[in-house]
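Participant: What follows is data.cif, mmCIF, C-alpha atoms, pLDDT in the B column; chains and numbers go by the auth columns.
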```cif
data_structure
loop_
_atom_site.group_PDB
_atom_site.id
_atom_site.type_symbol
_atom_site.label_atom_id
_atom_site.label_comp_id
_atom_site.label_asym_id
_atom_site.label_seq_id
_atom_site.Cartn_x
_atom_site.Cartn_y
_atom_site.Cartn_z
_atom_site.B_iso_or_equiv
_atom_site.auth_seq_id
_atom_site.auth_asym_id
ATOM 1 C CA MET A 1 139.327 43.442 86.848 89.00 328 A
ATOM 2 C CA GLU A 2 139.101 42.351 90.475 96.00 329 A
ATOM 3 C CA LEU A 3 135.685 41.117 91.582 98.00 330 A
ATOM 4 C CA SER A 4 135.456 43.752 94.357 98.00 331 A
ATOM 5 C CA THR A 5 136.077 46.565 91.827 98.00 332 A
ATOM 6 C CA LEU A 6 133.608 45.128 89.295 98.00 333 A
ATOM 7 C CA ILE A 7 130.845 44.904 91.924 98.00 334 A
ATOM 8 C CA ALA A 8 131.673 48.410 93.197 98.00 335 A
ATOM 9 C CA LYS A 9 131.270 49.789 89.654 98.00 336 A
ATOM 10 C CA ASP A 10 128.016 47.858 89.262 98.00 337 A
ATOM 11 C CA LEU A 11 126.501 49.086 92.544 98.00 338 A
ATOM 12 C CA LEU A 12 127.446 52.716 91.814 98.00 339 A
ATOM 13 C CA SER A 13 126.102 52.530 88.235 98.00 340 A
ATOM 14 C CA ILE A 14 122.564 51.679 89.422 98.00 341 A
ATOM 15 C CA GLN A 15 122.777 53.838 92.586 97.00 342 A
ATOM 16 C CA ALA A 16 122.471 50.777 94.829 97.00 343 A
ATOM 17 C CA VAL A 17 125.247 52.595 96.677 96.00 344 A
ATOM 18 C CA PHE A 18 124.783 56.348 96.545 94.00 345 A
ATOM 19 C CA PHE A 19 127.230 58.854 98.042 95.00 346 A
ATOM 20 C CA ARG A 20 126.011 62.304 99.100 93.00 347 A
ATOM 21 C CA PRO A 21 128.644 63.758 101.442 92.00 348 A
ATOM 22 C CA GLU A 22 127.353 67.327 100.988 90.00 349 A
ATOM 23 C CA GLU A 23 123.763 66.379 101.965 92.00 350 A
ATOM 24 C CA PRO A 24 124.017 63.512 104.465 93.00 351 A
ATOM 25 C CA PHE A 25 121.249 60.972 104.855 94.00 352 A
ATOM 26 C CA THR A 26 119.863 60.305 108.348 92.00 353 A
ATOM 27 C CA TRP A 27 119.699 56.657 109.378 82.00 354 A
ATOM 28 C CA ALA A 28 116.941 55.280 111.613 77.00 355 A
ATOM 29 C CA SER A 29 119.437 55.420 114.494 78.00 356 A
ATOM 30 C CA GLY A 30 119.800 59.170 113.974 86.00 357 A
ATOM 31 C CA ILE A 31 123.341 58.888 112.618 85.00 358 A
ATOM 32 C CA LYS A 32 124.159 61.215 109.722 91.00 359 A
ATOM 33 C CA SER A 33 125.595 59.223 106.828 93.00 360 A
ATOM 34 C CA PRO A 34 127.250 60.267 103.546 94.00 361 A
ATOM 35 C CA VAL A 35 126.129 57.016 101.928 94.00 362 A
ATOM 36 C CA TYR A 36 122.826 55.314 101.225 92.00 363 A
ATOM 37 C CA THR A 37 122.740 51.629 100.294 93.00 364 A
ATOM 38 C CA ASP A 38 119.867 49.740 98.689 95.00 365 A
ATOM 39 C CA ASN A 39 121.074 46.438 97.246 95.00 366 A
ATOM 40 C CA ARG A 40 117.496 45.480 96.354 95.00 367 A
ATOM 41 C CA LEU A 41 118.107 47.554 93.219 97.00 368 A
ATOM 42 C CA THR A 42 120.477 44.818 92.008 98.00 369 A
ATOM 43 C CA LEU A 43 117.444 42.589 91.471 97.00 370 A
ATOM 44 C CA THR A 44 115.934 45.033 88.971 97.00 371 A
ATOM 45 C CA ALA A 45 119.136 45.371 86.907 98.00 372 A
ATOM 46 C CA PRO A 46 119.734 42.008 85.155 98.00 373 A
ATOM 47 C CA ALA A 47 123.376 42.630 84.124 98.00 374 A
ATOM 48 C CA VAL A 48 124.345 43.730 87.642 98.00 375 A
ATOM 49 C CA ARG A 49 122.269 40.935 89.173 98.00 376 A
ATOM 50 C CA ASN A 50 124.187 38.435 87.032 98.00 377 A
ATOM 51 C CA ASP A 51 127.549 39.747 88.307 98.00 378 A
ATOM 52 C CA VAL A 52 126.334 39.746 91.919 98.00 379 A
ATOM 53 C CA GLU A 53 124.833 36.255 91.968 98.00 380 A
ATOM 54 C CA ASN A 54 127.715 34.638 90.075 98.00 381 A
ATOM 55 C CA GLY A 55 130.114 36.515 92.343 98.00 382 A
ATOM 56 C CA LEU A 56 128.362 35.213 95.478 98.00 383 A
ATOM 57 C CA ALA A 57 128.479 31.671 94.071 98.00 384 A
ATOM 58 C CA GLN A 58 132.215 32.091 93.409 98.00 385 A
ATOM 59 C CA LEU A 59 132.874 33.334 96.963 98.00 386 A
ATOM 60 C CA ILE A 60 130.915 30.429 98.455 98.00 387 A
ATOM 61 C CA LYS A 61 132.825 27.861 96.368 98.00 388 A
ATOM 62 C CA GLU A 62 136.170 29.425 97.348 98.00 389 A
ATOM 63 C CA ASN A 63 135.475 29.971 101.059 98.00 390 A
ATOM 64 C CA TYR A 64 132.861 27.383 102.019 98.00 391 A
ATOM 65 C CA PRO A 65 133.332 24.380 99.695 98.00 392 A
ATOM 66 C CA GLU A 66 131.558 22.019 102.137 98.00 393 A
ATOM 67 C CA VAL A 67 128.276 23.983 102.042 98.00 394 A
ATOM 68 C CA GLU A 68 125.073 21.915 101.937 98.00 395 A
ATOM 69 C CA VAL A 69 122.326 24.545 102.391 98.00 396 A
ATOM 70 C CA LEU A 70 122.017 28.314 101.782 98.00 397 A
ATOM 71 C CA MET A 71 119.923 30.362 104.205 98.00 398 A
ATOM 72 C CA GLY A 72 118.900 33.909 103.318 97.00 399 A
ATOM 73 C CA THR A 73 118.331 36.673 105.836 95.00 400 A
ATOM 74 C CA SER A 74 114.807 38.078 105.897 91.00 401 A
ATOM 75 C CA THR A 75 113.953 39.841 103.729 89.00 402 A
ATOM 76 C CA ALA A 76 116.869 41.254 101.744 92.00 403 A
ATOM 77 C CA GLY A 77 118.905 38.047 101.546 95.00 404 A
ATOM 78 C CA ILE A 78 116.078 35.761 100.412 97.00 405 A
ATOM 79 C CA ALA A 79 116.170 36.486 96.671 97.00 406 A
ATOM 80 C CA HIS A 80 119.967 36.256 96.550 98.00 407 A
ATOM 81 C CA ALA A 81 119.956 32.936 98.421 98.00 408 A
ATOM 82 C CA ALA A 82 117.350 31.602 95.971 98.00 409 A
ATOM 83 C CA ILE A 83 119.230 32.680 92.838 98.00 410 A
ATOM 84 C CA VAL A 84 122.625 31.505 94.113 98.00 411 A
ATOM 85 C CA GLY A 85 121.022 28.247 95.268 98.00 412 A
ATOM 86 C CA HIS A 86 119.763 27.792 91.712 98.00 413 A
ATOM 87 C CA ILE A 87 123.218 28.513 90.221 98.00 414 A
ATOM 88 C CA MET A 88 124.929 26.105 92.635 98.00 415 A
ATOM 89 C CA ASN A 89 122.152 23.473 92.622 98.00 416 A
ATOM 90 C CA LEU A 90 121.838 23.761 96.411 98.00 417 A
ATOM 91 C CA PRO A 91 118.774 23.773 98.679 98.00 418 A
ATOM 92 C CA MET A 92 117.878 27.128 100.196 97.00 419 A
ATOM 93 C CA GLY A 93 115.625 28.540 102.855 97.00 420 A
ATOM 94 C CA TYR A 94 115.468 31.662 104.950 97.00 421 A
ATOM 95 C CA VAL A 95 115.302 32.797 108.542 96.00 422 A
ATOM 96 C CA ARG A 96 112.511 35.098 109.682 90.00 423 A
ATOM 97 C CA SER A 97 113.259 38.038 111.940 81.00 424 A
ATOM 98 C CA GLY A 98 110.828 36.438 114.432 66.00 425 A
ATOM 99 C CA SER A 99 108.728 33.273 114.665 56.00 426 A
ATOM 100 C CA LYS A 100 105.376 33.172 112.883 49.00 427 A
ATOM 101 C CA ASP A 101 102.403 33.533 115.224 51.00 428 A
ATOM 102 C CA HIS A 102 100.358 30.979 113.273 49.00 429 A
ATOM 103 C CA GLY A 103 100.669 27.581 111.586 47.00 430 A
ATOM 104 C CA ARG A 104 103.815 25.735 112.634 49.00 431 A
ATOM 105 C CA GLN A 105 105.307 28.951 114.065 56.00 432 A
ATOM 106 C CA ASN A 106 108.523 28.456 112.094 76.00 433 A
ATOM 107 C CA GLN A 107 111.367 30.934 112.281 91.00 434 A
ATOM 108 C CA ILE A 108 113.416 28.896 109.815 94.00 435 A
ATOM 109 C CA GLU A 109 111.608 28.396 106.504 94.00 436 A
ATOM 110 C CA GLY A 110 112.732 25.447 104.391 95.00 437 A
ATOM 111 C CA LYS A 111 114.105 22.037 105.285 94.00 438 A
ATOM 112 C CA LEU A 112 117.106 22.082 107.616 96.00 439 A
ATOM 113 C CA LEU A 113 118.507 18.973 109.262 95.00 440 A
ATOM 114 C CA PRO A 114 120.675 19.029 112.408 95.00 441 A
ATOM 115 C CA GLY A 115 124.358 18.953 111.506 97.00 442 A
ATOM 116 C CA GLN A 116 123.904 20.358 107.998 98.00 443 A
ATOM 117 C CA LYS A 117 126.575 22.819 106.852 98.00 444 A
ATOM 118 C CA VAL A 118 124.976 26.189 106.180 98.00 445 A
ATOM 119 C CA VAL A 119 126.093 29.468 104.601 98.00 446 A
ATOM 120 C CA VAL A 120 124.052 32.579 105.427 98.00 447 A
ATOM 121 C CA VAL A 121 123.378 34.910 102.470 98.00 448 A
ATOM 122 C CA GLU A 122 123.094 38.600 103.421 97.00 449 A
ATOM 123 C CA ASP A 123 122.924 41.720 101.260 95.00 450 A
ATOM 124 C CA LEU A 124 124.641 44.239 103.548 95.00 451 A
ATOM 125 C CA ILE A 125 126.632 44.211 106.775 94.00 452 A
ATOM 126 C CA SER A 126 127.016 47.356 108.880 88.00 453 A
ATOM 127 C CA THR A 127 127.079 46.652 112.616 87.00 454 A
ATOM 128 C CA GLY A 128 126.478 42.922 112.087 90.00 455 A
ATOM 129 C CA GLY A 129 123.600 42.581 114.546 89.00 456 A
ATOM 130 C CA SER A 130 120.882 41.172 112.296 90.00 457 A
ATOM 131 C CA CYS A 131 123.001 38.546 110.540 93.00 458 A
ATOM 132 C CA ILE A 132 124.451 37.319 113.859 94.00 459 A
ATOM 133 C CA GLU A 133 120.874 36.813 115.126 93.00 460 A
ATOM 134 C CA VAL A 134 120.256 34.609 112.062 95.00 461 A
ATOM 135 C CA VAL A 135 123.459 32.643 112.742 96.00 462 A
ATOM 136 C CA ASN A 136 122.340 32.076 116.350 95.00 463 A
ATOM 137 C CA VAL A 137 118.881 30.828 115.278 95.00 464 A
ATOM 138 C CA LEU A 138 120.501 28.365 112.862 96.00 465 A
ATOM 139 C CA ARG A 139 122.994 27.169 115.477 96.00 466 A
ATOM 140 C CA GLU A 140 120.179 26.636 117.974 94.00 467 A
ATOM 141 C CA ALA A 141 118.443 24.480 115.343 95.00 468 A
ATOM 142 C CA GLY A 142 121.562 22.293 115.173 96.00 469 A
ATOM 143 C CA ALA A 143 123.063 23.613 111.938 97.00 470 A
ATOM 144 C CA GLU A 144 126.805 23.988 111.475 98.00 471 A
ATOM 145 C CA VAL A 145 127.127 27.572 110.221 98.00 472 A
ATOM 146 C CA LEU A 146 130.233 27.773 108.029 98.00 473 A
ATOM 147 C CA GLY A 147 129.898 31.552 107.711 98.00 474 A
ATOM 148 C CA ILE A 148 128.226 34.459 105.936 98.00 475 A
ATOM 149 C CA VAL A 149 128.501 35.693 102.366 98.00 476 A
ATOM 150 C CA SER A 150 127.336 39.239 101.595 98.00 477 A
ATOM 151 C CA ILE A 151 127.248 41.729 98.747 98.00 478 A
ATOM 152 C CA PHE A 152 128.702 44.688 100.634 96.00 479 A
ATOM 153 C CA THR A 153 130.209 45.433 104.018 96.00 480 A
ATOM 154 C CA TYR A 154 130.937 48.788 105.596 94.00 481 A
ATOM 155 C CA GLY A 155 133.822 47.282 107.554 93.00 482 A
ATOM 156 C CA MET A 156 132.728 49.157 110.688 93.00 483 A
ATOM 157 C CA GLN A 157 134.711 48.202 113.796 92.00 484 A
ATOM 158 C CA LYS A 158 131.516 47.398 115.693 91.00 485 A
ATOM 159 C CA GLY A 159 130.546 44.881 113.012 93.00 486 A
ATOM 160 C CA ILE A 160 134.038 43.346 112.893 95.00 487 A
ATOM 161 C CA ASP A 161 134.076 42.982 116.695 95.00 488 A
ATOM 162 C CA ARG A 162 130.579 41.466 116.819 95.00 489 A
ATOM 163 C CA LEU A 163 131.363 38.898 114.120 96.00 490 A
ATOM 164 C CA ALA A 164 134.581 37.957 115.914 96.00 491 A
ATOM 165 C CA ALA A 165 132.766 37.622 119.252 96.00 492 A
ATOM 166 C CA ALA A 166 130.145 35.369 117.633 95.00 493 A
ATOM 167 C CA ASN A 167 132.951 33.342 116.003 97.00 494 A
ATOM 168 C CA VAL A 168 131.474 33.747 112.528 97.00 495 A
ATOM 169 C CA LYS A 169 133.326 34.465 109.283 97.00 496 A
ATOM 170 C CA ASN A 170 132.018 36.884 106.649 97.00 497 A
ATOM 171 C CA VAL A 171 133.214 37.345 103.084 98.00 498 A
ATOM 172 C CA SER A 172 131.823 40.186 100.968 98.00 499 A
ATOM 173 C CA LEU A 173 131.852 40.883 97.242 98.00 500 A
ATOM 174 C CA THR A 174 133.011 44.442 97.891 98.00 501 A
ATOM 175 C CA ASN A 175 133.508 46.883 100.742 97.00 502 A
ATOM 176 C CA PHE A 176 133.258 50.527 101.705 96.00 503 A
ATOM 177 C CA ASP A 177 136.907 51.374 100.989 96.00 504 A
ATOM 178 C CA VAL A 178 136.814 49.900 97.477 97.00 505 A
ATOM 179 C CA ILE A 179 133.509 51.591 96.602 97.00 506 A
ATOM 180 C CA ALA A 180 134.692 54.972 97.923 97.00 507 A
ATOM 181 C CA GLN A 181 137.847 54.782 95.781 97.00 508 A
ATOM 182 C CA VAL A 182 135.970 53.653 92.657 97.00 509 A
ATOM 183 C CA ALA A 183 133.419 56.465 93.227 97.00 510 A
ATOM 184 C CA ALA A 184 136.282 58.994 93.236 97.00 511 A
ATOM 185 C CA ASP A 185 137.996 57.402 90.200 97.00 512 A
ATOM 186 C CA GLU A 186 134.731 57.538 88.238 96.00 513 A
ATOM 187 C CA LYS A 187 133.935 61.100 89.375 95.00 514 A
ATOM 188 C CA TYR A 188 130.787 60.280 91.391 95.00 515 A
ATOM 189 C CA ILE A 189 132.488 62.151 94.234 95.00 516 A
ATOM 190 C CA LYS A 190 135.557 64.396 94.578 94.00 517 A
ATOM 191 C CA SER A 191 138.842 62.644 95.348 94.00 518 A
ATOM 192 C CA GLU A 192 139.181 64.668 98.567 93.00 519 A
ATOM 193 C CA ASP A 193 135.855 63.201 99.759 94.00 520 A
ATOM 194 C CA VAL A 194 137.374 59.708 100.131 95.00 521 A
ATOM 195 C CA SER A 195 139.164 60.515 103.397 94.00 522 A
ATOM 196 C CA ARG A 196 135.946 62.045 104.791 93.00 523 A
ATOM 197 C CA LEU A 197 134.004 58.898 103.891 95.00 524 A
ATOM 198 C CA ILE A 198 136.591 56.687 105.595 95.00 525 A
ATOM 199 C CA GLN A 199 136.465 58.993 108.638 94.00 526 A
ATOM 200 C CA PHE A 200 132.683 58.431 108.793 94.00 527 A
ATOM 201 C CA ARG A 201 133.126 54.662 108.450 94.00 528 A
ATOM 202 C CA ASN A 202 135.727 54.563 111.225 93.00 529 A
ATOM 203 C CA ASN A 203 133.492 56.425 113.689 92.00 530 A
ATOM 204 C CA PRO A 204 129.900 57.018 112.483 90.00 531 A
ATOM 205 C CA SER A 205 128.898 58.870 115.663 88.00 532 A
ATOM 206 C CA ASP A 206 131.608 61.533 115.102 90.00 533 A
ATOM 207 C CA GLU A 207 130.113 64.028 112.658 91.00 534 A
ATOM 208 C CA SER A 208 133.297 66.061 112.153 91.00 535 A
ATOM 209 C CA TRP A 209 133.559 64.696 108.582 92.00 536 A
ATOM 210 C CA ILE A 210 130.517 66.815 107.630 89.00 537 A
ATOM 211 C CA GLY A 211 131.404 70.063 105.909 75.00 538 A
ATOM 212 C CA GLY A 212 134.781 68.956 104.575 64.00 539 A
#
```
Please go through the file and, once you have read it, give me the structure as structure tokens.
Facilitator:
Amino acid sequence: MELSTLIAKDLLSIQAVFFRPEEPFTWASGIKSPVYTDNRLTLTAPAVRNDVENGLAQLIKENYPEVEVLMGTSTAGIAHAAIVGHIMNLPMGYVRSGSKDHGRQNQIEGKLLPGQKVVVVEDLISTGGSCIEVVNVLREAGAEVLGIVSIFTYGMQKGIDRLAAANVKNVSLTNFDVIAQVAADEKYIKSEDVSRLIQFRNNPSDESWIGG
């Protein structure tokens, strides 16, 4: 079984990715969404967690063989960076969403030397904004950011464009298209829902997918 399909099955089985096209969720931005994603649930499901962390390690070895340090995004990427760092015997740290207002006022936690080759560990990429901020902080600190590894990406055009503009590569364990198809194959959703889900992904602000 392909890794992307295995991870899709895993995420659906624990409702880390949950499709509800008939009763859309409302995101903080106000956008109506047929999908809710909470990859933190992978941490509470040891069998799925094992697949995810070993899968991330595999992607890093294949795509970023020169990596020297893993840096998690705060807060969702921290645990994954720590576990994968353990598997790969690599140092890890994480990047705060803002600098601390006390102590040494660090935004980067953990030892990072200028010129070190870093991979950013992220749980989910939608529009790409938060992980690109992390990449920029690391670059400003003198790191050479090889790219990002993530559990799941929506593949939204805005995210693709932003990553390209920031000149940063992302590889994900699985993606929206694969999960939507697996969800239909395993009867979590109706097969005719797949095209509606893709329509949402292609243009989240267009709500014409709602109602079939």
Participant: List every protein, DNA or RNA residue that has an atom no more than 8 Å from (135.8, 30.5, 113.8) in the file's coordinate frame, counting all atoms listed in the file, and report them as JSON, numbers by chain.
Facilitator: {"A": [491, 494, 495, 496]}
Participant: Got a sec: who's within 12 Å of range 369-383 of chain A, counting only C-alpha atoms, leaving out chain neighbours fewer than 3 positions off, as a VMD selection string?
Facilitator: chain A and resid 329 to 344 364 to 366 386 to 391 397 403 to 415 446 to 450 475 to 479 497 to 501
Participant: What's the separation between CA of Leu473 in chain A and CA of Arg423 in chain A, in Å to one decimal place?
Facilitator: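 Calculated distance between CA of Leu473 in chain A and CA of Arg423 in chain A is 19.2 Å.
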Participant: Select, from A:Asp504, A:Glu471, A:Asp488, A:Glu534, the residue with the minimum atom-to-atom distance to Glu393 in chain A, counting all atoms listed in the file.
Facilitator: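 Under the stated criterion, the closest residue is A:Glu471.
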Participant: Which is closer to Ala468 in chain A than all the others in A:Ile506, A:Ala355, A:Ala492, A:Val422, using only C-alpha atoms?
Facilitator: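 Comparing A:Ile506, A:Ala355, A:Ala492, A:Val422 against Ala468 in chain A, the winner is A:Val422.
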Participant: Please compute the CA of Gln443 in chain A-CA of Arg466 in chain A distance, one decimal, in Å.
Facilitator: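 Distance reported for this atom pair: 10.2 Å.
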Participant: Distance CA of Thr400 in chain A-CA of Cys458 in chain A, one decimal place?
Facilitator: 6.9 Å
Participant: Where does the PyMOL selection byres ((chain A and resi 508-524) around 9) land in this file, that is, which residues does it pick, as a list in words?
Facilitator: Thr332, Ala335, Lys336, Leu339, Phe345, Phe346, Arg347, Pro348, Ser360, Pro361, Val362, Phe503, Asp504, Val505, Ile506, Ala507, Ile525, Gln526, Phe527, Arg528, Asn529, Ser535, Trp536, Ile537 and Gly539 of chain A
Participant: Report the centre and edge lengths, in Å to one decimal, of an axis-aligned box enclosing every atom of range 370-386 of chain A listed in the file, padded by 6 Å on each side, as AutoDock Vina command-line options.
Facilitator:
```
--center_x 124.4 --center_y 38.5 --center_z 90.5 --size_x 28.9 --size_y 25.7 --size_z 24.8
```
Participant: Taking into account only C-alpha atoms, which residue in the set A:Ala470, A:Met483, A:Ile435, A:Val394 is nearest to Gly456 in chain A?
Facilitator: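 Nearest to Gly456 in chain A: A:Met483.
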Participant: Compare A:Leu451, A:Leu440, A:Leu490, A:Val462 by their minimum atom-to-atom distance to Tyr363 in chain A, counting only C-alpha atoms, and give me the closest one.
Facilitator: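 Of A:Leu451, A:Leu440, A:Leu490, A:Val462, the one nearest Tyr363 in chain A is A:Leu451, counting only C-alpha atoms.
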Participant: Tell me which protein, DNA and RNA residues are within 9 Å of Lys438 in chain A, counting only C-alpha atoms, leaving out same-chain ones fewer than 3 positions away, and put them as JSON, numbers by chain.
Facilitator: {"A": [418, 419, 420, 435]}
Participant: Please tell me which residues are no farther than 9 Å from (130.6, 52.1, 112.0) in the file, counting all atoms listed in the file, and write them as number ranges by chain.
Facilitator: A: 453-454, 481-486, 527-532
